[in-house]
$ cat coords38.cif   # mmCIF, C-alpha atoms and all ligand atoms
data_upload
loop_
_atom_site.label_atom_id
_atom_site.label_comp_id
_atom_site.auth_asym_id
_atom_site.auth_seq_id
_atom_site.Cartn_x
_atom_site.Cartn_y
_atom_site.Cartn_z
CA MET A 349 64.21 -41.39 -10.33
CA SER A 350 61.02 -39.26 -10.27
CA ALA A 351 61.18 -35.41 -10.45
CA PRO A 352 60.93 -33.61 -7.08
CA GLU A 353 57.35 -32.39 -6.39
CA HIS A 354 57.05 -28.63 -6.86
CA LYS A 355 55.73 -26.92 -3.73
CA SER A 356 54.63 -23.29 -3.79
CA ALA A 357 56.16 -21.14 -1.07
CA GLY A 358 52.95 -19.03 -0.79
CA GLY A 359 50.61 -21.80 0.40
CA PRO A 360 47.45 -23.16 -1.30
CA LEU A 361 46.23 -19.75 -2.62
CA ALA A 362 49.52 -18.99 -4.34
CA SER A 363 49.69 -22.50 -5.75
CA ILE A 364 46.17 -22.15 -7.29
CA LEU A 365 47.04 -18.73 -8.72
CA ALA A 366 50.25 -20.15 -10.13
CA LEU A 367 48.23 -22.66 -12.20
CA PRO A 368 47.74 -21.85 -15.91
CA ASN A 369 44.61 -19.76 -16.63
CA ASP A 370 42.90 -22.59 -18.50
CA ASP A 371 43.30 -25.03 -15.61
CA PRO A 372 39.76 -26.07 -14.45
CA LYS A 373 40.80 -25.79 -10.77
CA LYS A 374 41.85 -22.16 -11.24
CA THR A 375 38.67 -21.35 -13.25
CA LEU A 376 36.48 -22.85 -10.50
CA PHE A 377 38.41 -21.00 -7.80
CA VAL A 378 38.10 -17.63 -9.56
CA ALA A 379 34.37 -18.18 -10.22
CA ILE A 380 33.70 -19.01 -6.54
CA ALA A 381 35.80 -16.05 -5.38
CA VAL A 382 33.91 -13.64 -7.67
CA CYS A 383 30.56 -15.02 -6.43
CA LEU A 384 31.62 -14.59 -2.80
CA VAL A 385 32.84 -11.04 -3.28
CA CYS A 386 29.68 -10.08 -5.21
CA SER A 387 27.34 -11.59 -2.61
CA VAL A 388 29.16 -9.71 0.18
CA VAL A 389 28.84 -6.45 -1.80
CA VAL A 390 25.12 -7.04 -2.55
CA ALA A 391 24.35 -8.02 1.06
CA ALA A 392 26.24 -5.00 2.40
CA ALA A 393 24.42 -2.70 -0.03
CA ALA A 394 21.03 -4.19 0.91
CA ILE A 395 21.71 -3.76 4.63
CA GLY A 396 23.35 -0.37 4.23
CA LEU A 397 20.52 1.01 2.06
CA ARG A 398 17.73 -0.24 4.32
CA PRO A 399 17.46 2.98 6.39
CA LEU A 400 17.44 5.02 3.17
CA GLN A 401 14.68 2.82 1.70
CA ALA A 402 12.63 3.15 4.91
CA ALA A 403 13.07 6.94 4.83
CA ASN A 404 11.99 7.05 1.17
CA GLN A 405 8.93 4.90 1.88
CA GLU A 406 8.00 7.18 4.76
CA ARG A 407 8.42 10.27 2.55
CA ASP A 408 6.24 8.65 -0.11
CA ARG A 409 3.55 7.75 2.43
CA ILE A 410 3.48 11.32 3.71
CA ARG A 411 3.35 12.74 0.18
CA ASN A 412 0.36 10.53 -0.67
CA ILE A 413 -1.52 11.37 2.53
CA VAL A 414 -0.95 15.09 1.95
CA GLU A 415 -2.17 14.73 -1.64
CA VAL A 416 -5.34 12.85 -0.78
CA ALA A 417 -6.02 15.18 2.16
CA GLY A 418 -5.68 18.19 -0.14
CA VAL A 419 -3.61 20.14 2.40
CA GLY A 420 -0.50 22.25 2.00
CA LYS A 421 0.39 25.59 0.53
CA PRO A 422 2.23 26.33 -2.72
CA GLY A 423 5.96 25.91 -2.17
CA GLN A 424 5.48 23.96 1.03
CA SER A 425 7.09 20.54 1.28
CA ALA A 426 4.88 17.50 1.86
CA ALA A 427 6.63 16.90 5.20
CA GLU A 428 5.81 20.44 6.38
CA ALA A 429 2.22 20.22 5.13
CA PHE A 430 1.84 16.89 6.95
CA ARG A 431 3.33 18.24 10.20
CA GLU A 432 1.14 21.34 10.08
CA ASN A 433 -2.17 19.75 9.12
CA VAL A 434 -2.32 16.02 9.71
CA GLU A 435 -2.75 14.16 12.98
CA PRO A 436 -1.83 10.45 12.76
CA ILE A 437 -3.80 8.24 15.14
CA LEU A 438 -3.50 4.51 15.70
CA ILE A 439 -6.86 2.83 16.16
CA ARG A 440 -8.01 -0.60 17.22
CA LEU A 441 -10.26 -1.78 14.39
CA SER A 442 -12.59 -3.90 16.55
CA ASP A 443 -14.07 -0.88 18.36
CA GLY A 444 -12.48 2.16 16.72
CA SER A 445 -10.79 3.21 19.95
CA GLN A 446 -7.45 4.98 20.00
CA SER A 447 -4.42 2.88 20.88
CA ASP A 448 -0.72 3.39 21.46
CA ALA A 449 0.19 -0.26 20.81
CA LEU A 450 2.25 0.71 17.75
CA ASP A 451 3.76 3.85 16.28
CA PRO A 452 1.61 5.10 13.38
CA ALA A 453 4.71 6.74 11.86
CA THR A 454 6.43 3.42 11.28
CA PHE A 455 3.35 1.24 10.79
CA ASP A 456 3.90 -1.24 7.96
CA ILE A 457 0.62 -2.88 6.87
CA ALA A 458 2.26 -5.84 5.13
CA LYS A 459 4.58 -6.54 8.07
CA VAL A 460 1.90 -6.19 10.74
CA SER A 461 -0.45 -8.41 8.70
CA LYS A 462 2.09 -11.23 8.91
CA ASP A 463 2.47 -11.01 12.70
CA PRO A 464 0.02 -13.45 14.37
CA ALA A 465 0.06 -11.35 17.56
CA LEU A 466 -0.96 -8.19 15.69
CA SER A 467 -3.32 -9.54 13.05
CA ARG A 468 -5.97 -12.15 12.39
CA ALA A 469 -6.57 -14.63 9.61
CA MET A 470 -9.68 -13.51 7.76
CA PRO A 471 -12.45 -16.09 7.52
CA LYS A 472 -12.93 -16.63 3.77
CA ALA A 473 -16.60 -15.65 3.90
CA ASP A 474 -15.72 -12.25 5.42
CA ASP A 475 -12.64 -11.54 3.34
CA HIS A 476 -14.35 -9.36 0.74
CA ALA A 477 -11.15 -7.38 0.12
CA GLY A 478 -9.09 -10.54 -0.46
CA ILE A 479 -6.46 -9.58 2.12
CA LYS A 480 -6.21 -13.00 3.85
CA ARG A 481 -4.92 -11.43 7.10
CA GLN A 482 -6.06 -8.18 8.73
CA PRO A 483 -4.15 -6.10 11.29
CA HIS A 484 -5.91 -5.54 14.63
CA PHE A 485 -4.73 -1.92 14.46
CA MET A 486 -4.51 0.63 11.65
CA PRO A 487 -3.18 4.16 11.48
CA VAL A 488 -5.69 6.79 10.35
CA TYR A 489 -5.01 10.46 9.65
CA VAL A 490 -7.16 13.39 10.71
CA VAL A 491 -7.20 16.95 9.37
CA ARG A 492 -9.00 19.16 11.87
CA THR A 493 -11.24 22.19 11.41
CA GLU A 494 -10.28 25.34 13.31
CA SER A 495 -12.74 24.40 16.04
CA GLY A 496 -11.15 20.97 16.44
CA GLY A 497 -13.76 18.96 14.53
CA ILE A 498 -12.94 16.60 11.69
CA LYS A 499 -12.38 18.27 8.34
CA THR A 500 -11.00 15.18 6.60
CA LEU A 501 -10.47 11.60 7.74
CA ILE A 502 -7.88 9.71 5.72
CA LEU A 503 -8.16 5.94 5.84
CA PRO A 504 -5.55 3.49 4.54
CA VAL A 505 -7.25 0.86 2.38
CA HIS A 506 -5.93 -2.22 0.64
CA GLY A 507 -7.21 -5.27 -1.14
CA ALA A 508 -6.89 -7.59 -4.09
CA GLY A 509 -7.16 -6.37 -7.67
CA LEU A 510 -6.59 -8.75 -10.57
CA TRP A 511 -2.81 -9.22 -10.32
CA SER A 512 -1.86 -7.54 -7.09
CA THR A 513 -2.85 -6.07 -3.76
CA LEU A 514 -3.68 -2.41 -4.19
CA TYR A 515 -2.64 -0.12 -1.32
CA GLY A 516 -4.12 3.36 -1.08
CA PHE A 517 -5.72 6.11 0.96
CA LEU A 518 -9.40 7.06 0.94
CA ALA A 519 -10.32 10.49 2.30
CA LEU A 520 -13.75 11.14 3.80
CA GLU A 521 -14.98 14.66 4.38
CA GLY A 522 -16.10 15.88 7.79
CA ASP A 523 -19.62 14.45 7.36
CA LEU A 524 -17.88 11.03 7.25
CA ARG A 525 -20.02 10.10 4.23
CA THR A 526 -18.64 12.09 1.32
CA VAL A 527 -15.49 10.96 -0.46
CA GLY A 528 -12.81 13.64 -0.47
CA GLY A 529 -10.24 11.72 -2.53
CA LEU A 530 -8.76 8.34 -3.39
CA LYS A 531 -5.18 7.49 -4.24
CA PHE A 532 -3.57 4.10 -4.71
CA TYR A 533 0.16 4.35 -4.05
CA GLN A 534 1.14 0.74 -4.69
CA HIS A 535 -0.19 -1.92 -7.05
CA ALA A 536 0.86 -4.07 -9.99
CA GLU A 537 -2.25 -3.91 -12.19
CA THR A 538 -1.68 -3.67 -15.94
CA PRO A 539 -0.80 -0.17 -17.19
CA GLY A 540 -3.65 1.08 -19.40
CA LEU A 541 -6.14 -1.44 -17.92
CA GLY A 542 -6.30 -1.95 -14.14
CA GLY A 543 -3.42 0.53 -13.85
CA GLU A 544 -5.90 3.26 -14.77
CA VAL A 545 -6.70 3.45 -11.05
CA ASP A 546 -3.93 6.07 -11.18
CA ASN A 547 -5.66 8.09 -13.90
CA LEU A 548 -6.31 11.60 -12.55
CA ASN A 549 -9.62 11.95 -14.43
CA TRP A 550 -10.90 8.68 -12.98
CA ARG A 551 -9.68 9.59 -9.51
CA ALA A 552 -11.49 12.94 -9.79
CA ILE A 553 -14.83 11.10 -10.27
CA TRP A 554 -14.56 9.88 -6.67
CA ASN A 555 -14.52 13.36 -5.17
CA GLY A 556 -17.95 14.21 -3.79
CA LYS A 557 -19.36 10.70 -4.13
CA ILE A 558 -21.38 9.37 -1.20
CA ALA A 559 -19.71 6.31 0.31
CA PHE A 560 -22.74 5.02 2.25
CA ASP A 561 -26.31 4.18 1.27
CA ASP A 562 -29.44 5.40 3.07
CA THR A 563 -29.21 2.58 5.61
CA GLY A 564 -25.65 3.61 6.52
CA ARG A 565 -24.02 0.63 4.83
CA PRO A 566 -21.01 1.13 2.55
CA GLY A 567 -22.51 1.60 -0.91
CA ILE A 568 -19.84 2.43 -3.50
CA GLN A 569 -20.58 0.77 -6.85
CA LEU A 570 -18.23 0.63 -9.83
CA VAL A 571 -20.43 0.43 -12.90
CA LYS A 572 -19.27 -1.20 -16.13
CA GLY A 573 -19.91 1.07 -19.10
CA GLY A 574 -19.92 4.30 -17.13
CA VAL A 575 -22.30 6.46 -15.14
CA ASP A 576 -24.29 9.62 -15.87
CA HIS A 577 -23.19 11.64 -12.87
CA SER A 578 -25.86 14.29 -13.37
CA VAL A 579 -28.64 11.80 -12.71
CA ALA A 580 -30.07 11.54 -9.20
CA GLY A 581 -29.43 8.13 -7.66
CA ASN A 582 -25.90 7.89 -9.02
CA GLU A 583 -24.31 9.61 -6.02
CA SER A 584 -22.47 6.44 -5.00
CA ARG A 585 -21.71 5.17 -8.51
CA ILE A 586 -18.30 5.41 -10.16
CA ASP A 587 -17.41 4.57 -13.76
CA GLY A 588 -15.82 1.12 -13.97
CA LEU A 589 -12.41 1.05 -15.66
CA ALA A 590 -12.72 0.17 -19.36
CA GLY A 591 -11.34 -3.30 -20.07
CA ALA A 592 -10.58 -3.79 -16.39
CA THR A 593 -13.75 -5.05 -14.80
CA LEU A 594 -11.80 -7.35 -12.49
CA THR A 595 -9.66 -4.58 -11.02
CA SER A 596 -12.77 -2.38 -10.79
CA ARG A 597 -14.60 -5.08 -8.88
CA GLY A 598 -11.60 -5.44 -6.55
CA VAL A 599 -11.58 -1.69 -5.90
CA GLU A 600 -15.33 -1.65 -5.17
CA LYS A 601 -14.99 -4.57 -2.79
CA LEU A 602 -11.95 -3.25 -0.94
CA ILE A 603 -13.45 0.21 -0.44
CA ASN A 604 -16.74 -1.17 0.87
CA PHE A 605 -14.88 -3.70 3.03
CA TRP A 606 -12.76 -1.03 4.72
CA LEU A 607 -15.75 1.26 5.26
CA GLY A 608 -17.75 -1.61 6.74
CA GLU A 609 -18.11 -3.36 10.05
CA ALA A 610 -14.85 -5.34 9.72
CA GLY A 611 -12.92 -2.21 8.70
CA TYR A 612 -13.36 1.36 9.90
CA GLY A 613 -17.11 1.00 10.59
CA PRO A 614 -16.67 1.04 14.39
CA LEU A 615 -14.34 4.08 14.16
CA ILE A 616 -16.77 5.98 11.91
CA GLU A 617 -19.66 5.09 14.23
CA ARG A 618 -17.65 6.28 17.22
CA LEU A 619 -16.72 9.56 15.53
CA ARG A 620 -20.32 10.18 14.39
CA SER A 621 -21.62 9.66 17.90
CA GLY A 622 -19.00 12.06 19.25
CA ARG A 623 -17.06 9.53 21.30
CA SER A 624 -13.29 9.83 21.00
C1 LIG B 1 -2.26 -9.10 -20.54
C2 LIG B 1 -3.57 -8.77 -19.91
C3 LIG B 1 -3.58 -7.94 -18.81
C4 LIG B 1 -4.79 -7.62 -18.19
N1 LIG B 1 -4.79 -6.81 -17.11
C5 LIG B 1 -5.96 -6.53 -16.48
C6 LIG B 1 -5.98 -5.72 -15.32
O1 LIG B 1 -4.97 -5.19 -14.84
N2 LIG B 1 -7.19 -5.53 -14.73
C7 LIG B 1 -8.36 -6.08 -15.21
O2 LIG B 1 -9.39 -5.90 -14.60
N3 LIG B 1 -8.34 -6.81 -16.32
C8 LIG B 1 -7.18 -7.05 -16.97
N4 LIG B 1 -7.19 -7.81 -18.08
C9 LIG B 1 -8.47 -8.20 -18.67
C10 LIG B 1 -9.17 -9.27 -17.89
O3 LIG B 1 -8.63 -10.51 -18.21
C11 LIG B 1 -10.65 -9.23 -18.22
O4 LIG B 1 -10.81 -9.52 -19.56
C12 LIG B 1 -11.23 -7.88 -17.94
O5 LIG B 1 -11.07 -7.54 -16.60
C13 LIG B 1 -12.69 -7.84 -18.29
O6 LIG B 1 -13.05 -6.47 -18.26
P1 LIG B 1 -14.11 -5.88 -19.31
O7 LIG B 1 -15.34 -6.72 -19.12
O8 LIG B 1 -14.29 -4.46 -18.90
O9 LIG B 1 -13.50 -6.03 -20.66
C14 LIG B 1 -6.00 -8.14 -18.71
C15 LIG B 1 -5.97 -8.98 -19.82
C16 LIG B 1 -4.78 -9.30 -20.41
C17 LIG B 1 -4.78 -10.20 -21.60
#
$ encode --input "coords38.cif" --output "structure tokens" --more "lines below"
Ligand SMILES: Cc1cc2nc3c(=O)[nH]c(=O)nc-3n(C[C@H](O)[C@H](O)[C@H](O)COP(=O)(O)O)c2cc1C
Amino acid sequence: MSAPEHKSAGGPLASILALPNDDPKKTLFVAIAVCLVCSVVVAAAAIGLRPLQAANQERDRIRNIVEVAGVGKPGQSAAEAFRENVEPILIRLSDGSQSDALDPATFDIAKVSKDPALSRAMPKADDHAGIKRQPHFMPVYVVRTESGGIKTLILPVHGAGLWSTLYGFLALEGDLRTVGGLKFYQHAETPGLGGEVDNLNWRAIWNGKIAFDDTGRPGIQLVKGGVDHSVAGNESRIDGLAGATLTSRGVEKLINFWLGEAGYGPLIERLRSGRS
């Protein structure tokens, strides 16, 4: 006579847990259970932290705009300096006109670039910045003079370096020709090589440079080997980054692209001619 089959009173879970620890079925069960619990925790954390991440990104964006705009008083937070001095405006790139199609405060370049309704695929021949897709709209940021004119125009710029897309802000002074500052806030170029785009001394070279040539075309040049800034004719020339000619070339191309006809050219033209 065979032995009566042992049945656990607690159902299948209890019967698996009652197995010896070195039983393969129990090992597999515990491994799957741990994976499930961990994935639920990670997913919950990712979803739960999303608003915090968005708030941090927004804070970072504001801090960078305030820095490149050169506004704010000692002791003042970036958020206050932004609120007091900076006017965000959404513009339609094709003609530089103001638009309320999207909220400039929550504008996400990468996300908008992926949306076929809000962006266009760049024809290869025109894609000098290597961005592949370009939003139809972009937020720009204006610091006004006391009389309501433009003191500084801050333009978001982005484009391909060697390893990554560089995202930054270029400030133009009120004449809409002179560079007031440049800051890249996101990239993955090599520290010490292309990553020197963050170097304060290199960034300082940009201040006061003339972004357009005599014909009005974007004319920034990054020169390998360096530039004698005291020599006339070098007003639009910036020292190339040592050992990082490819990133330098990317920066030159992306700046000239965004200042050109396919970028903020129509906006700059509109502002120069006094149309709003
Ligand atoms: C590991 C590694 C990382 C590099 N990172 C960069 C970079 O971030 N940007 C860049 O332009 N060149 C980078 N380079 C160098 C390029 O391959 C290329 O040699 C350089 O851009 C040429 O610049 P140069 O003519 O000023 O030397 C890197 C090279 C190596 C081996």
$ residues_near_ligand --input "coords38.cif" --ligand "ligand LIG 1 (chain B)" --cutoff "12 Å" --atoms "all atoms listed in the file" --output "VMD selection string"
chain A and resid 508 to 514 535 to 546 570 to 574 587 to 600
$ closest_residue --input "coords38.cif" --among "A:Lys472, A:Arg620, A:Lys531, A:Arg565" --to "A:Ala552" --atoms "only C-alpha atoms"
A:Lys531
$ closest_atom_pairs --input "coords38.cif" --of "stretch 483-574 of chain A" --to "stretch 402-425 of chain A" --cutoff "9 Å" --atoms "only C-alpha atoms" --output "Markdown table"
| residue | atom | partner | partner_atom | distance |
| --- | --- | --- | --- | --- |
| A:Tyr489 | CA | A:Ile413 | CA | 8.0 |
| A:Val490 | CA | A:Ala417 | CA | 8.8 |
| A:Val491 | CA | A:Ala417 | CA | 7.5 |
| A:Thr500 | CA | A:Ala417 | CA | 6.7 |
| A:Leu501 | CA | A:Ala417 | CA | 8.0 |
| A:Ile502 | CA | A:Ala417 | CA | 6.8 |
| A:Gly516 | CA | A:Asn412 | CA | 8.5 |
| A:Phe517 | CA | A:Ile413 | CA | 6.9 |
| A:Leu518 | CA | A:Val416 | CA | 7.3 |
| A:Ala519 | CA | A:Val416 | CA | 6.3 |
| A:Leu520 | CA | A:Ala417 | CA | 8.9 |
| A:Gly528 | CA | A:Ala417 | CA | 7.4 |
| A:Gly529 | CA | A:Val416 | CA | 5.3 |
| A:Leu530 | CA | A:Val416 | CA | 6.2 |
| A:Lys531 | CA | A:Val416 | CA | 6.4 |
| A:Phe532 | CA | A:Asn412 | CA | 8.6 |
| A:Tyr533 | CA | A:Asn412 | CA | 7.0 |
$ write_last_selection --input "coords38.cif" --atoms "C-alpha atoms" --output "PDB file, in the frame of the given file"
ATOM      1  CA  TYR A 489      -5.010  10.460   9.650  1.00  0.00           C
ATOM      2  CA  VAL A 490      -7.160  13.390  10.710  1.00  0.00           C
ATOM      3  CA  VAL A 491      -7.200  16.950   9.370  1.00  0.00           C
ATOM      4  CA  THR A 500     -11.000  15.180   6.600  1.00  0.00           C
ATOM      5  CA  LEU A 501     -10.470  11.600   7.740  1.00  0.00           C
ATOM      6  CA  ILE A 502      -7.880   9.710   5.720  1.00  0.00           C
ATOM      7  CA  GLY A 516      -4.120   3.360  -1.080  1.00  0.00           C
ATOM      8  CA  PHE A 517      -5.720   6.110   0.960  1.00  0.00           C
ATOM      9  CA  LEU A 518      -9.400   7.060   0.940  1.00  0.00           C
ATOM     10  CA  ALA A 519     -10.320  10.490   2.300  1.00  0.00           C
ATOM     11  CA  LEU A 520     -13.750  11.140   3.800  1.00  0.00           C
ATOM     12  CA  GLY A 528     -12.810  13.640  -0.470  1.00  0.00           C
ATOM     13  CA  GLY A 529     -10.240  11.720  -2.530  1.00  0.00           C
ATOM     14  CA  LEU A 530      -8.760   8.340  -3.390  1.00  0.00           C
ATOM     15  CA  LYS A 531      -5.180   7.490  -4.240  1.00  0.00           C
ATOM     16  CA  PHE A 532      -3.570   4.100  -4.710  1.00  0.00           C
ATOM     17  CA  TYR A 533       0.160   4.350  -4.050  1.00  0.00           C
TER      18      TYR A 533
END
$ residues_around --input "coords38.cif" --residues "A:Gly611" --least-positions-apart "4" --cutoff "12 Å" --atoms "all atoms listed in the file" --output "PyMOL selection string"
chain A and resi 439-444+470+474-477+479+482-488+503-507+566+601-607+615-617
$ residues_near_point --input "coords38.cif" --point "(3.9, 6.8, 11.5)" --cutoff "8 Å" --atoms "only C-alpha atoms" --output "ChimeraX atom specification"
/A:406,436,451-455,487
$ write_last_selection --input "coords38.cif" --atoms "C-alpha atoms" --output "short mmCIF file (atom, residue, chain, number, x, y, z; two decimals), in the frame of the given file"
data_model
loop_
_atom_site.label_atom_id
_atom_site.label_comp_id
_atom_site.auth_asym_id
_atom_site.auth_seq_id
_atom_site.Cartn_x
_atom_site.Cartn_y
_atom_site.Cartn_z
CA GLU A 406 8.00 7.18 4.76
CA PRO A 436 -1.83 10.45 12.76
CA ASP A 451 3.76 3.85 16.28
CA PRO A 452 1.61 5.10 13.38
CA ALA A 453 4.71 6.74 11.86
CA THR A 454 6.43 3.42 11.28
CA PHE A 455 3.35 1.24 10.79
CA PRO A 487 -3.18 4.16 11.48
#
$ atom_distance --input "coords38.cif" --atom1 "atom CA of A:Ser445" --atom2 "atom CA of A:Gly622"
12.1 Å
$ residues_around --input "coords38.cif" --residues "A:Gln569" --least-positions-apart "5" --cutoff "8 Å" --atoms "all atoms listed in the file" --output "number ranges by chain"
A: 584-586, 600
$ atom_distance --input "coords38.cif" --atom1 "atom CA of A:Arg398" --atom2 "atom CA of A:Leu466"
23.3 Å
$ atom_distance --input "coords38.cif" --atom1 "atom CA of A:Glu435" --atom2 "atom CA of A:Gly567"
27.2 Å
$ build_atoms --input "coords38.cif" --residues "stretch 366-377 of chain A" --atoms "N, CA and C atoms" --output "compact mmCIF listing (two decimals), keeping the file's coordinate frame"
# COMPACT_ATOMS: atom_id res chain seq x y z
N ALA A 366 49.10 -19.86 -9.26
CA ALA A 366 50.25 -20.15 -10.13
C ALA A 366 49.87 -21.11 -11.27
N LEU A 367 48.67 -21.72 -11.15
CA LEU A 367 48.23 -22.66 -12.20
C LEU A 367 47.98 -21.89 -13.50
N PRO A 368 48.07 -22.53 -14.64
CA PRO A 368 47.74 -21.85 -15.91
C PRO A 368 46.27 -21.42 -15.90
N ASN A 369 45.97 -20.33 -16.65
CA ASN A 369 44.61 -19.76 -16.63
C ASN A 369 43.54 -20.72 -17.13
N ASP A 370 43.91 -21.67 -17.98
CA ASP A 370 42.90 -22.59 -18.50
C ASP A 370 42.80 -23.87 -17.67
N ASP A 371 43.44 -23.87 -16.50
CA ASP A 371 43.30 -25.03 -15.61
C ASP A 371 41.91 -24.99 -14.94
N PRO A 372 41.12 -26.08 -15.02
CA PRO A 372 39.76 -26.07 -14.45
C PRO A 372 39.73 -25.69 -12.97
N LYS A 373 40.78 -26.11 -12.22
CA LYS A 373 40.80 -25.79 -10.77
C LYS A 373 40.87 -24.29 -10.56
N LYS A 374 41.69 -23.62 -11.38
CA LYS A 374 41.85 -22.16 -11.24
C LYS A 374 40.55 -21.45 -11.67
N THR A 375 39.93 -21.96 -12.77
CA THR A 375 38.67 -21.35 -13.25
C THR A 375 37.61 -21.44 -12.16
N LEU A 376 37.48 -22.64 -11.56
CA LEU A 376 36.48 -22.85 -10.50
C LEU A 376 36.76 -21.92 -9.32
N PHE A 377 38.03 -21.84 -8.95
CA PHE A 377 38.41 -21.00 -7.80
C PHE A 377 38.04 -19.53 -8.05
